[in-house]
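J.: My file is coords05.pdb. It has PDB, C-alpha atoms:
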```pdb
ATOM      1  CA  MET A  48     -23.836   6.637   7.063
ATOM      2  CA  VAL A  49     -22.159   3.352   7.846
ATOM      3  CA  ILE A  50     -22.376   0.262   5.675
ATOM      4  CA  PRO A  51     -23.242  -2.568   8.061
ATOM      5  CA  MET A  52     -20.929  -5.540   7.972
ATOM      6  CA  ALA A  53     -22.941  -7.882  10.210
ATOM      7  CA  PHE A  54     -23.466 -10.939   8.055
ATOM      8  CA  PRO A  55     -25.939 -13.612   9.086
ATOM      9  CA  GLY A  56     -24.288 -16.900   9.903
ATOM     10  CA  GLY A  57     -20.948 -15.423  10.890
ATOM     11  CA  MET A  58     -18.068 -13.877   9.016
ATOM     12  CA  ASP A  59     -16.848 -17.074   7.365
ATOM     13  CA  THR A  60     -20.079 -18.160   5.737
ATOM     14  CA  VAL A  61     -20.359 -18.036   1.978
ATOM     15  CA  PRO A  62     -23.823 -19.054   0.786
ATOM     16  CA  VAL A  63     -24.034 -22.302  -1.142
ATOM     17  CA  GLU A  64     -25.520 -20.568  -4.186
ATOM     18  CA  VAL A  65     -22.306 -18.576  -4.740
ATOM     19  CA  ALA A  66     -19.741 -21.079  -3.435
ATOM     20  CA  HIS A  67     -18.965 -22.118  -7.016
ATOM     21  CA  LEU A  68     -17.640 -18.577  -7.627
ATOM     22  CA  LEU A  69     -14.777 -19.019  -5.158
ATOM     23  CA  LYS A  70     -12.638 -20.980  -7.613
ATOM     24  CA  PRO A  71     -12.696 -18.253 -10.310
ATOM     25  CA  VAL A  72     -12.064 -15.673  -7.571
ATOM     26  CA  ARG A  73      -8.992 -17.673  -6.537
ATOM     27  CA  TRP A  74      -7.764 -17.744 -10.153
ATOM     28  CA  CYS A  75      -8.163 -13.985 -10.394
ATOM     29  CA  VAL A  76      -6.328 -13.377  -7.120
ATOM     30  CA  GLN A  77      -3.499 -15.698  -8.152
ATOM     31  CA  SER A  78      -3.299 -13.875 -11.499
ATOM     32  CA  LEU A  79      -3.041 -10.579  -9.647
ATOM     33  CA  TRP A  80      -0.086 -11.873  -7.634
ATOM     34  CA  VAL A  81       1.684 -12.760 -10.894
ATOM     35  CA  LEU A  82       0.770  -9.365 -12.358
ATOM     36  CA  PHE A  83       2.119  -7.697  -9.229
ATOM     37  CA  VAL A  84       5.545  -9.197  -9.903
ATOM     38  CA  VAL A  85       5.357  -8.125 -13.559
ATOM     39  CA  PHE A  86       4.288  -4.581 -12.677
ATOM     40  CA  ALA A  87       6.937  -4.296  -9.967
ATOM     41  CA  PHE A  88       9.502  -4.383 -12.776
ATOM     42  CA  LEU A  89       7.606  -2.737 -15.642
ATOM     43  CA  ILE A  90       5.326  -0.115 -14.046
ATOM     44  CA  PRO A  91       5.989   0.300 -10.302
ATOM     45  CA  PRO A  92       3.088   2.737  -9.654
ATOM     46  CA  ASN A  93       0.604   0.151 -10.983
ATOM     47  CA  ALA A  94       2.133  -2.505  -8.765
ATOM     48  CA  LEU A  95       0.758  -0.863  -5.618
ATOM     49  CA  SER A  96      -2.887  -1.025  -6.680
ATOM     50  CA  VAL A  97      -2.473  -4.617  -7.849
ATOM     51  CA  LEU A  98      -0.817  -5.490  -4.523
ATOM     52  CA  ILE A  99      -3.696  -4.015  -2.522
ATOM     53  CA  VAL A 100      -6.337  -5.948  -4.451
ATOM     54  CA  ALA A 101      -4.278  -9.161  -4.288
ATOM     55  CA  CYS A 102      -3.854  -8.804  -0.508
ATOM     56  CA  VAL A 103      -7.561  -8.157   0.093
ATOM     57  CA  GLY A 104      -8.430 -11.102  -2.157
ATOM     58  CA  THR A 105      -6.013 -13.308  -0.245
ATOM     59  CA  PHE A 106      -7.610 -12.291   3.049
ATOM     60  CA  PHE A 107     -11.017 -13.103   1.579
ATOM     61  CA  LEU A 108      -9.824 -16.570   0.517
ATOM     62  CA  TYR A 109      -7.944 -17.335   3.726
ATOM     63  CA  GLN A 110      -9.584 -20.763   4.109
ATOM     64  CA  ASP A 111      -8.702 -21.876   0.577
ATOM     65  CA  GLU A 112      -6.011 -24.552   0.651
ATOM     66  CA  GLN A 113      -4.001 -23.001  -2.177
ATOM     67  CA  MET A 114      -4.125 -19.513  -0.634
ATOM     68  CA  ARG A 115      -3.644 -20.467   3.029
ATOM     69  CA  SER A 116       0.154 -20.242   3.124
ATOM     70  CA  CYS A 117       0.095 -16.847   1.401
ATOM     71  CA  TYR A 118      -2.561 -15.659   3.854
ATOM     72  CA  GLU A 119      -0.517 -16.839   6.852
ATOM     73  CA  LYS A 120       2.526 -14.863   5.681
ATOM     74  CA  LEU A 121       0.402 -11.745   5.106
ATOM     75  CA  ALA A 122      -1.327 -12.160   8.471
ATOM     76  CA  GLN A 123       2.070 -12.215  10.181
ATOM     77  CA  CYS A 124       2.979  -8.950   8.443
ATOM     78  CA  THR A 125      -0.223  -7.188   9.474
ATOM     79  CA  GLY A 126      -0.067  -8.411  13.056
ATOM     80  CA  GLY A 127      -3.735  -9.372  13.150
ATOM     81  CA  LEU A 128      -5.010  -5.912  12.167
ATOM     82  CA  CYS A 129      -7.036  -7.220   9.249
ATOM     83  CA  ARG A 130      -9.982  -9.545   9.695
ATOM     84  CA  PRO A 131     -10.081 -12.337   7.100
ATOM     85  CA  GLY A 132     -13.047 -13.984   5.449
ATOM     86  CA  VAL A 133     -16.312 -12.690   4.080
ATOM     87  CA  SER A 134     -15.790  -9.300   5.735
ATOM     88  CA  CYS A 135     -13.234  -8.589   2.978
ATOM     89  CA  ILE A 136     -15.745  -8.945   0.135
ATOM     90  CA  LEU A 137     -16.905  -5.312   0.214
ATOM     91  CA  PRO A 138     -13.359  -3.846   0.138
ATOM     92  CA  LEU A 139     -12.461  -6.350  -2.591
ATOM     93  CA  PHE A 140     -15.396  -5.209  -4.712
ATOM     94  CA  LEU A 141     -14.723  -1.500  -4.120
ATOM     95  CA  PHE A 142     -10.999  -1.751  -4.904
ATOM     96  CA  CYS A 143     -11.659  -3.816  -8.037
ATOM     97  CA  ALA A 144     -14.390  -1.471  -9.233
ATOM     98  CA  ALA A 145     -12.188   1.597  -8.715
ATOM     99  CA  ASP A 146      -9.200  -0.053 -10.403
ATOM    100  CA  THR A 147     -11.405  -1.070 -13.327
ATOM    101  CA  ILE A 148     -12.573   2.513 -13.831
ATOM    102  CA  PHE A 149      -9.053   3.912 -13.608
ATOM    103  CA  GLY A 150      -7.844   1.064 -15.832
ATOM    104  CA  VAL A 151     -10.133   2.195 -18.638
ATOM    105  CA  ILE A 152      -8.681   5.689 -18.382
ATOM    106  CA  GLN A 153      -5.146   4.311 -18.411
ATOM    107  CA  ILE A 154      -5.858   2.053 -21.401
ATOM    108  CA  ILE A 155      -7.292   4.993 -23.358
ATOM    109  CA  GLN A 156      -4.234   7.122 -22.541
ATOM    110  CA  VAL A 157      -1.777   4.396 -23.561
ATOM    111  CA  MET A 158      -3.783   3.638 -26.707
ATOM    112  CA  ARG A 159      -3.704   7.319 -27.701
ATOM    113  CA  ALA A 160       0.029   7.545 -27.070
ATOM    114  CA  LEU A 161       0.952   4.354 -28.943
ATOM    115  CA  GLY A 162      -1.787   4.163 -31.538
ATOM    116  CA  TYR A 163      -4.264   1.348 -31.913
ATOM    117  CA  LYS A 164      -2.015  -1.048 -33.888
ATOM    118  CA  LYS A 165       1.080  -0.604 -31.729
ATOM    119  CA  PHE A 166      -0.971  -0.892 -28.530
ATOM    120  CA  PHE A 167      -1.338  -4.657 -28.898
ATOM    121  CA  GLU A 168       2.329  -5.108 -29.830
ATOM    122  CA  ASN A 169       3.582  -3.481 -26.619
ATOM    123  CA  PRO A 170       4.094  -5.881 -23.663
ATOM    124  CA  ILE A 171       3.423  -3.127 -21.114
ATOM    125  CA  ALA A 172       0.107  -2.312 -22.781
ATOM    126  CA  ASP A 173      -0.728  -6.028 -22.827
ATOM    127  CA  ALA A 174      -0.019  -6.260 -19.100
ATOM    128  CA  ILE A 175      -2.240  -3.232 -18.414
ATOM    129  CA  LEU A 176      -5.033  -4.750 -20.494
ATOM    130  CA  LEU A 177      -4.679  -8.109 -18.741
ATOM    131  CA  GLU A 178      -4.820  -6.412 -15.331
ATOM    132  CA  TRP A 179      -7.984  -4.600 -16.378
ATOM    133  CA  VAL A 180      -9.668  -7.808 -17.544
ATOM    134  CA  VAL A 181      -8.744  -9.719 -14.374
ATOM    135  CA  GLU A 182      -9.951  -6.915 -12.100
ATOM    136  CA  LEU A 183     -13.170  -6.507 -14.095
ATOM    137  CA  VAL A 184     -13.918 -10.221 -13.725
ATOM    138  CA  LEU A 185     -13.023 -10.066 -10.031
ATOM    139  CA  ALA A 186     -15.277  -7.026  -9.527
ATOM    140  CA  VAL A 187     -18.225  -8.832 -11.116
ATOM    141  CA  LEU A 188     -17.621 -12.015  -9.101
ATOM    142  CA  SER A 189     -17.155 -10.155  -5.825
ATOM    143  CA  PHE A 190     -20.338  -8.166  -6.464
ATOM    144  CA  LYS A 191     -22.301 -11.390  -6.975
ATOM    145  CA  ILE A 192     -20.902 -12.778  -3.726
ATOM    146  CA  LEU A 193     -21.585  -9.482  -1.942
ATOM    147  CA  LYS A 194     -25.219  -9.518  -3.067
ATOM    148  CA  ALA A 195     -25.608 -13.067  -1.764
ATOM    149  CA  VAL A 196     -23.894 -12.351   1.560
ATOM    150  CA  MET A 197     -25.416  -8.997   2.493
ATOM    151  CA  PRO A 198     -28.795  -9.086   4.196
ATOM    152  CA  GLU A 199     -31.471  -8.225   1.664
ATOM    153  CA  ASP A 200     -33.028  -5.460   3.747
ATOM    154  CA  VAL A 201     -29.711  -3.592   3.811
ATOM    155  CA  LEU A 202     -29.519  -3.557   0.018
ATOM    156  CA  THR A 203     -33.138  -2.514  -0.489
ATOM    157  CA  ALA A 204     -33.632  -0.097   2.436
ATOM    158  CA  PRO A 205     -33.907   3.613   1.565
ATOM    159  CA  LEU A 206     -30.765   5.654   2.113
ATOM    160  CA  GLY A 207     -30.293   6.766   5.693
ATOM    161  CA  GLN A 208     -32.595   4.056   7.040
ATOM    162  CA  PRO A 209     -30.698   0.880   7.842
ATOM    163  CA  GLY A 210     -32.790  -2.263   7.687
ATOM    164  CA  GLY A 211     -33.872  -3.100  11.220
ATOM    165  CA  ASP A 212     -32.406  -2.495  14.656
ATOM    166  CA  ALA A 213     -29.792  -5.248  14.272
ATOM    167  CA  TYR A 214     -27.777  -3.090  11.872
ATOM    168  CA  ARG A 215     -27.776   0.224  13.706
ATOM    169  CA  PRO A 216     -24.432   1.327  15.087
TER     170      PRO A 216
END
```
Using the file provided, produce a representation of the structure as structure tokens.
T.:
Amino acid sequence: MVIPMAFPGGMDTVPVEVAHLLKPVRWCVQSLWVLFVVFAFLIPPNALSVLIVACVGTFFLYQDEQMRSCYEKLAQCTGGLCRPGVSCILPLFLFCAADTIFGVIQIIQVMRALGYKKFFENPIADAILLEWVVELVLAVLSFKILKAVMPEDVLTAPLGQPGGDAYRP
């Protein structure tokens, strides 16, 4: 089964009813770039997942004035392999949702190892908790945008039956 990515109105259209969510999404993506630098020094394995989400978020916000220069540098690195815009909202949601789930597991493990009181005194634990909060907020925001962007018949159609001929591969 393929998830259709044909959005009405083109790939760069964000509906007006969710356009106000783009600013908090930008704040989350910018926070992830800062967290990437922090994790690159403190916890290098975590830095990779933060980098992936930050890159996908940057490709989603490629038209934003504050993110445009970052997008242009990333686009040069990828050589045009990645398509920017609204087509990145589903990967952004999926990566954020997965990172949020794994973040809970990681927070529980660190909390068990350090103890509840020492958990909040440890800067690495604070960085992990901050990453989890930012990615949770970004997952919720990207899901709201995804619901507004996806055609309604795709979201409500029974499994295995795409909504209409326009979405069949």
J.: So, with all atoms listed in the file as the atoms that count, which of A:Val61, A:Val97, A:Val180, A:Pro170 lies closest to Leu82 of chain A?
T.: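 Closest candidate: A:Val97.
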J.: Tell me, in Å to one decimal, how far atom CA of Thr125 of chain A is from atom CA of Asp146 of chain A.
T.: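 Taking atom CA of Thr125 of chain A and atom CA of Asp146 of chain A, their separation equals 22.9 Å.
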J.: Give me, as CSV, each residue of segment 94-129 of chain A that comes within 12 Å of segment 172-179 of chain A, together with its shortest interatomic pair and the distance in Å at one decimal, counting all atoms listed in the file, with rows ordered by chain and rising residue number.
T.:
```
residue,atom,partner,partner_atom,distance
A:Ala94,CA,A:Glu178,CA,10.3
A:Ser96,CA,A:Glu178,CA,10.4
A:Val97,CA,A:Glu178,CA,8.0
A:Leu98,CA,A:Glu178,CA,11.6
A:Val100,CA,A:Glu178,CA,11.0
A:Ala101,CA,A:Glu178,CA,11.4
```
J.: Keeping C-alpha atoms for every residue in the selection just given, could you write it to a file as a PDB file, in the coordinates of the input?
T.:
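For reference, part_32.pdb as written:
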```
ATOM      1  CA  ALA A  94       2.133  -2.505  -8.765  1.00  0.00           C
ATOM      2  CA  SER A  96      -2.887  -1.025  -6.680  1.00  0.00           C
ATOM      3  CA  VAL A  97      -2.473  -4.617  -7.849  1.00  0.00           C
ATOM      4  CA  LEU A  98      -0.817  -5.490  -4.523  1.00  0.00           C
ATOM      5  CA  VAL A 100      -6.337  -5.948  -4.451  1.00  0.00           C
ATOM      6  CA  ALA A 101      -4.278  -9.161  -4.288  1.00  0.00           C
TER       7      ALA A 101
END
```
J.: Can you sort out the box for segment 74-79 of chain A, edges along x, y and z, all listed atoms in, 4 Å on every side, with centre and edge lengths in Å to one decimal, as AutoDock Vina command-line options?
T.:
```
--center_x -5.6 --center_y -14.2 --center_z -9.3 --size_x 13.1 --size_y 15.2 --size_z 12.4
```
J.: Please evaluate the PyMOL selection byres ((chain A and resi 64) around 12) against the displayed coordinates and give the resulting residues as a PyMOL selection string.
T.: chain A and resi 60-63+65-69+191-196
J.: Hey, what's within 10 Å of Ala145 of chain A if we count all atoms listed in the file and toss same-chain stuff fewer than 3 positions away? As a PyMOL selection string, please?
T.: chain A and resi 96+140-142+148-150+182-183+186
J.: Any chance you could work out the residue set of the PyMOL selection byres ((chain A and resi 118) around 9) here, as a PyMOL selection string?
T.: chain A and resi 102+105-106+108-110+114-117+119-123+131
J.: Looking at all atoms listed in the file, which of A:Ile154, A:Cys135, A:Val187, A:Asn93 is the one that sits closest to Phe166 of chain A?
T.: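 For Phe166 of chain A, the nearest of the candidates is A:Ile154.
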J.: What is the distance, in Å and to one decimal place, between atom CA of Phe86 of chain A and atom CA of Val181 of chain A?
T.: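 One can read the atom CA of Phe86 of chain A to atom CA of Val181 of chain A distance as 14.1 Å.
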J.: Write out as a compact mmCIF listing (two decimals) with C-alpha atoms, in the coordinates of the input the residues lying within 8 Å of Gly104 of chain A, counting all atoms listed in the file and excluding same-chain residues fewer than 6 positions away.
T.:
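After the write, part.txt holds the following:
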```txt
# COMPACT_ATOMS: atom_id res chain seq x y z
CA VAL A 72 -12.06 -15.67 -7.57
CA ARG A 73 -8.99 -17.67 -6.54
CA VAL A 76 -6.33 -13.38 -7.12
CA CYS A 135 -13.23 -8.59 2.98
CA ILE A 136 -15.74 -8.94 0.14
CA LEU A 139 -12.46 -6.35 -2.59
```
J.: Just checking: using only C-alpha atoms, which residue out of A:Ile171, A:Val103, A:Val84, A:Leu137 ends up closest to Gln153 of chain A?
T.: A:Ile171
J.: Could you work out how far atom CA of Gln77 of chain A lies from atom CA of Leu185 of chain A, giving the answer in Å with one decimal?
T.: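 Atom CA of Gln77 of chain A lies at a distance of 11.2 Å from atom CA of Leu185 of chain A.
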